[in-house]
Amino acid sequence: MHSLVKKLAAVAVATLMAVPAMAATTTFDFRNGGLLGNGSYDGNYAATVDQLTVSVTAGRYRAPAGAPNDSIIDSDCSDGGCGYFGDRYVRQVNSGIGIAGRFDGSSIDGNYGNDLITFAFNRVIDFTRVVFTGVDWNDRFDVFVDGNLVQEEIRIAGNNPFSLASLAISSGQSISFGADGRFDNFRVGAIQVSSVPLPAGALLLLSGLFGLGVMRRRRAAA
């Protein structure tokens, strides 16, 4: 019995240690810098804050009219696999980060294909909010979590910063923002995330082990 308790305790501790310590909220601010990359058509763009690392890539997606069935074509077009007119790359300016390509500007827009910017984190987190910059009254965006469409055609004006916690799915390892309208264009100025709560199973296991320990000491003292 004692050996089993020790094994269960080891499992619980290992589970807890597998969840990295992280600040309650972490903000990546891409205005006036904050994103490190090699420039040009290169996918190596990243930033690290509070031991949390995010990699940012430029891609494209399909947005058929009608039912919400948007789908990602390629989340990273930096390898030349999106074709001459499809290739795009992350572009950082003072107001934030966007996507640039051949004959295209540096905003996330629907010109020459639908731009998609993806933020991939090194662990699962909760998405809290996003700040858009360069926004007009009619700009809208689509959002994907872990490659799956969550919501589309969200109006930015009057809703900026946008609460990502209000999405039907607000936790994951990656989040993507896209623009599919000809007149939709914006940049991401900042994104805020928070730690995923400690696994309930590990907490219950530790509580149970504590109770067993108390009972063993009481029996030994009796």
# chains A, B, ... in the order shown; residues from 1 in each chain; ligands from 1

$ residues_around --residues "segment 134-147 of chain A" --least-positions-apart "4" --cutoff "6 Å" --atoms "only C-alpha atoms" --output "PyMOL selection string"
chain A and resi 151-157+174-179+184+186

$ write_last_selection --atoms "N, CA and C atoms" --output "short mmCIF file (atom, residue, chain, number, x, y, z; two decimals), in the first residue's frame"
data_model
loop_
_atom_site.label_atom_id
_atom_site.label_comp_id
_atom_site.auth_asym_id
_atom_site.auth_seq_id
_atom_site.Cartn_x
_atom_site.Cartn_y
_atom_site.Cartn_z
N GLN A 151 -15.20 31.35 -35.69
CA GLN A 151 -16.19 32.39 -35.97
C GLN A 151 -15.71 33.20 -37.17
N GLU A 152 -16.65 33.71 -37.95
CA GLU A 152 -16.27 34.48 -39.13
C GLU A 152 -17.04 35.79 -39.20
N GLU A 153 -16.49 36.68 -40.03
CA GLU A 153 -17.11 37.98 -40.30
C GLU A 153 -17.41 38.76 -39.02
N ILE A 154 -16.39 38.88 -38.16
CA ILE A 154 -16.53 39.64 -36.92
C ILE A 154 -16.14 41.09 -37.19
N ARG A 155 -17.03 42.01 -36.93
CA ARG A 155 -16.74 43.43 -37.15
C ARG A 155 -15.77 43.92 -36.07
N ILE A 156 -14.72 44.63 -36.50
CA ILE A 156 -13.72 45.11 -35.55
C ILE A 156 -14.12 46.43 -34.92
N ALA A 157 -14.59 47.38 -35.73
CA ALA A 157 -14.95 48.70 -35.22
C ALA A 157 -15.97 48.59 -34.10
N SER A 174 -2.70 27.24 -31.06
CA SER A 174 -2.52 28.24 -32.12
C SER A 174 -3.83 28.96 -32.38
N ILE A 175 -3.70 30.20 -32.82
CA ILE A 175 -4.86 31.00 -33.20
C ILE A 175 -4.51 31.77 -34.46
N SER A 176 -5.46 31.84 -35.39
CA SER A 176 -5.22 32.49 -36.69
C SER A 176 -6.31 33.52 -36.95
N PHE A 177 -5.89 34.65 -37.54
CA PHE A 177 -6.83 35.69 -37.92
C PHE A 177 -6.72 35.91 -39.42
N GLY A 178 -7.87 36.00 -40.09
CA GLY A 178 -7.85 36.15 -41.54
C GLY A 178 -8.79 37.23 -42.01
N ALA A 179 -8.52 37.70 -43.23
CA ALA A 179 -9.38 38.68 -43.89
C ALA A 179 -9.72 38.15 -45.26
N ASP A 184 -11.34 44.62 -46.52
CA ASP A 184 -10.91 44.31 -45.15
C ASP A 184 -9.40 44.44 -45.09
N PHE A 186 -6.23 45.20 -41.93
CA PHE A 186 -5.89 45.56 -40.56
C PHE A 186 -4.57 44.90 -40.19
#

$ residues_around --residues "Arg182 of chain A" --least-positions-apart "2" --cutoff "10 Å" --atoms "only C-alpha atoms" --output "PyMOL selection string"
chain A and resi 109-114+139+179-180+184-185

$ select_by_dssp --residues "segment 27-153 of chain A" --states "strand (DSSP E)" --output "NGL selection string"
:A and (27-29 or 36-37 or 45-49 or 52-62 or 71-74 or 88-93 or 96-101 or 108-109 or 115-133 or 140-145 or 148-153)

$ residues_around --residues "segment 88-97 of chain A" --least-positions-apart "3" --cutoff "8 Å" --atoms "only C-alpha atoms" --output "PyMOL selection string"
chain A and resi 29-33+35+39-43+45+56-59+77-78+100-102+106-107+117+133-134+187-190

$ atom_distance --atom1 "atom CA of Ser194 of chain A" --atom2 "atom CA of Gly98 of chain A"
23.1 Å

$ decode --residues "segment 76-109 of chain A" --atoms "N, CA and C atoms" --output "PDB file, in the first residue's frame"
ATOM      1  N   ASP A  76       1.563  28.550 -43.486  1.00  0.00           N
ATOM      2  CA  ASP A  76       2.911  29.112 -43.616  1.00  0.00           C
ATOM      3  C   ASP A  76       3.330  29.066 -45.080  1.00  0.00           C
ATOM      4  N   CYS A  77       3.277  30.223 -45.731  1.00  0.00           N
ATOM      5  CA  CYS A  77       3.609  30.305 -47.158  1.00  0.00           C
ATOM      6  C   CYS A  77       5.053  30.717 -47.409  1.00  0.00           C
ATOM      7  N   SER A  78       5.876  30.681 -46.368  1.00  0.00           N
ATOM      8  CA  SER A  78       7.245  31.167 -46.525  1.00  0.00           C
ATOM      9  C   SER A  78       8.150  30.191 -47.266  1.00  0.00           C
ATOM     10  N   ASP A  79       7.665  28.966 -47.496  1.00  0.00           N
ATOM     11  CA  ASP A  79       8.521  27.956 -48.133  1.00  0.00           C
ATOM     12  C   ASP A  79       8.360  27.907 -49.649  1.00  0.00           C
ATOM     13  N   GLY A  80       7.595  28.846 -50.188  1.00  0.00           N
ATOM     14  CA  GLY A  80       7.418  28.876 -51.638  1.00  0.00           C
ATOM     15  C   GLY A  80       6.341  27.951 -52.143  1.00  0.00           C
ATOM     16  N   GLY A  81       5.604  27.308 -51.238  1.00  0.00           N
ATOM     17  CA  GLY A  81       4.614  26.331 -51.658  1.00  0.00           C
ATOM     18  C   GLY A  81       3.249  26.904 -51.987  1.00  0.00           C
ATOM     19  N   CYS A  82       3.088  28.222 -51.876  1.00  0.00           N
ATOM     20  CA  CYS A  82       1.782  28.827 -52.135  1.00  0.00           C
ATOM     21  C   CYS A  82       1.694  29.451 -53.526  1.00  0.00           C
ATOM     22  N   GLY A  83       2.698  29.235 -54.347  1.00  0.00           N
ATOM     23  CA  GLY A  83       2.665  29.769 -55.705  1.00  0.00           C
ATOM     24  C   GLY A  83       3.165  31.200 -55.786  1.00  0.00           C
ATOM     25  N   TYR A  84       3.433  31.644 -56.986  1.00  0.00           N
ATOM     26  CA  TYR A  84       4.044  32.970 -57.190  1.00  0.00           C
ATOM     27  C   TYR A  84       3.192  34.071 -56.590  1.00  0.00           C
ATOM     28  N   PHE A  85       1.896  34.050 -56.838  1.00  0.00           N
ATOM     29  CA  PHE A  85       1.016  35.089 -56.314  1.00  0.00           C
ATOM     30  C   PHE A  85       0.516  34.765 -54.904  1.00  0.00           C
ATOM     31  N   GLY A  86       0.692  33.522 -54.480  1.00  0.00           N
ATOM     32  CA  GLY A  86       0.206  33.133 -53.166  1.00  0.00           C
ATOM     33  C   GLY A  86       1.203  33.309 -52.050  1.00  0.00           C
ATOM     34  N   ASP A  87       2.498  33.334 -52.378  1.00  0.00           N
ATOM     35  CA  ASP A  87       3.513  33.459 -51.340  1.00  0.00           C
ATOM     36  C   ASP A  87       3.382  34.782 -50.607  1.00  0.00           C
ATOM     37  N   ARG A  88       3.515  34.736 -49.313  1.00  0.00           N
ATOM     38  CA  ARG A  88       3.416  35.929 -48.483  1.00  0.00           C
ATOM     39  C   ARG A  88       4.285  35.748 -47.246  1.00  0.00           C
ATOM     40  N   TYR A  89       4.545  36.826 -46.547  1.00  0.00           N
ATOM     41  CA  TYR A  89       5.400  36.749 -45.370  1.00  0.00           C
ATOM     42  C   TYR A  89       4.949  37.755 -44.325  1.00  0.00           C
ATOM     43  N   VAL A  90       5.364  37.528 -43.086  1.00  0.00           N
ATOM     44  CA  VAL A  90       5.013  38.407 -41.977  1.00  0.00           C
ATOM     45  C   VAL A  90       5.768  39.727 -42.126  1.00  0.00           C
ATOM     46  N   ARG A  91       5.049  40.818 -41.949  1.00  0.00           N
ATOM     47  CA  ARG A  91       5.662  42.150 -42.063  1.00  0.00           C
ATOM     48  C   ARG A  91       5.336  42.947 -40.795  1.00  0.00           C
ATOM     49  N   GLN A  92       6.378  43.449 -40.129  1.00  0.00           N
ATOM     50  CA  GLN A  92       6.201  44.229 -38.916  1.00  0.00           C
ATOM     51  C   GLN A  92       6.481  45.701 -39.186  1.00  0.00           C
ATOM     52  N   VAL A  93       5.553  46.546 -38.770  1.00  0.00           N
ATOM     53  CA  VAL A  93       5.723  48.000 -38.861  1.00  0.00           C
ATOM     54  C   VAL A  93       5.434  48.564 -37.473  1.00  0.00           C
ATOM     55  N   ASN A  94       5.544  49.880 -37.338  1.00  0.00           N
ATOM     56  CA  ASN A  94       5.389  50.480 -36.010  1.00  0.00           C
ATOM     57  C   ASN A  94       4.012  50.246 -35.387  1.00  0.00           C
ATOM     58  N   SER A  95       2.993  50.080 -36.213  1.00  0.00           N
ATOM     59  CA  SER A  95       1.644  49.920 -35.675  1.00  0.00           C
ATOM     60  C   SER A  95       1.284  48.473 -35.384  1.00  0.00           C
ATOM     61  N   GLY A  96       2.157  47.524 -35.754  1.00  0.00           N
ATOM     62  CA  GLY A  96       1.856  46.117 -35.494  1.00  0.00           C
ATOM     63  C   GLY A  96       2.359  45.229 -36.612  1.00  0.00           C
ATOM     64  N   ILE A  97       1.821  44.023 -36.702  1.00  0.00           N
ATOM     65  CA  ILE A  97       2.269  43.071 -37.717  1.00  0.00           C
ATOM     66  C   ILE A  97       1.124  42.736 -38.671  1.00  0.00           C
ATOM     67  N   GLY A  98       1.522  42.573 -39.933  1.00  0.00           N
ATOM     68  CA  GLY A  98       0.573  42.206 -40.965  1.00  0.00           C
ATOM     69  C   GLY A  98       1.210  41.200 -41.902  1.00  0.00           C
ATOM     70  N   ILE A  99       0.708  41.153 -43.106  1.00  0.00           N
ATOM     71  CA  ILE A  99       1.194  40.198 -44.099  1.00  0.00           C
ATOM     72  C   ILE A  99       1.462  40.934 -45.401  1.00  0.00           C
ATOM     73  N   ALA A 100       2.630  40.696 -45.976  1.00  0.00           N
ATOM     74  CA  ALA A 100       2.987  41.296 -47.261  1.00  0.00           C
ATOM     75  C   ALA A 100       3.211  40.189 -48.283  1.00  0.00           C
ATOM     76  N   GLY A 101       3.060  40.545 -49.542  1.00  0.00           N
ATOM     77  CA  GLY A 101       3.275  39.587 -50.622  1.00  0.00           C
ATOM     78  C   GLY A 101       3.533  40.320 -51.916  1.00  0.00           C
ATOM     79  N   ARG A 102       3.676  39.583 -52.994  1.00  0.00           N
ATOM     80  CA  ARG A 102       3.909  40.208 -54.290  1.00  0.00           C
ATOM     81  C   ARG A 102       2.690  41.029 -54.689  1.00  0.00           C
ATOM     82  N   PHE A 103       2.915  42.280 -55.019  1.00  0.00           N
ATOM     83  CA  PHE A 103       1.867  43.206 -55.438  1.00  0.00           C
ATOM     84  C   PHE A 103       0.854  43.489 -54.321  1.00  0.00           C
ATOM     85  N   ASP A 104       1.204  43.149 -53.096  1.00  0.00           N
ATOM     86  CA  ASP A 104       0.282  43.327 -51.980  1.00  0.00           C
ATOM     87  C   ASP A 104       0.933  44.221 -50.939  1.00  0.00           C
ATOM     88  N   GLY A 105       0.125  44.867 -50.095  1.00  0.00           N
ATOM     89  CA  GLY A 105       0.631  45.745 -49.052  1.00  0.00           C
ATOM     90  C   GLY A 105       1.068  44.964 -47.826  1.00  0.00           C
ATOM     91  N   SER A 106       1.121  45.641 -46.677  1.00  0.00           N
ATOM     92  CA  SER A 106       1.623  44.999 -45.461  1.00  0.00           C
ATOM     93  C   SER A 106       0.525  44.769 -44.423  1.00  0.00           C
ATOM     94  N   SER A 107      -0.736  44.891 -44.842  1.00  0.00           N
ATOM     95  CA  SER A 107      -1.845  44.628 -43.929  1.00  0.00           C
ATOM     96  C   SER A 107      -2.365  43.205 -44.138  1.00  0.00           C
ATOM     97  N   ILE A 108      -3.166  42.750 -43.195  1.00  0.00           N
ATOM     98  CA  ILE A 108      -3.891  41.491 -43.359  1.00  0.00           C
ATOM     99  C   ILE A 108      -5.150  41.842 -44.135  1.00  0.00           C
ATOM    100  N   ASP A 109      -5.246  41.370 -45.371  1.00  0.00           N
ATOM    101  CA  ASP A 109      -6.356  41.795 -46.230  1.00  0.00           C
ATOM    102  C   ASP A 109      -6.798  40.676 -47.161  1.00  0.00           C
TER     103      ASP A 109
END
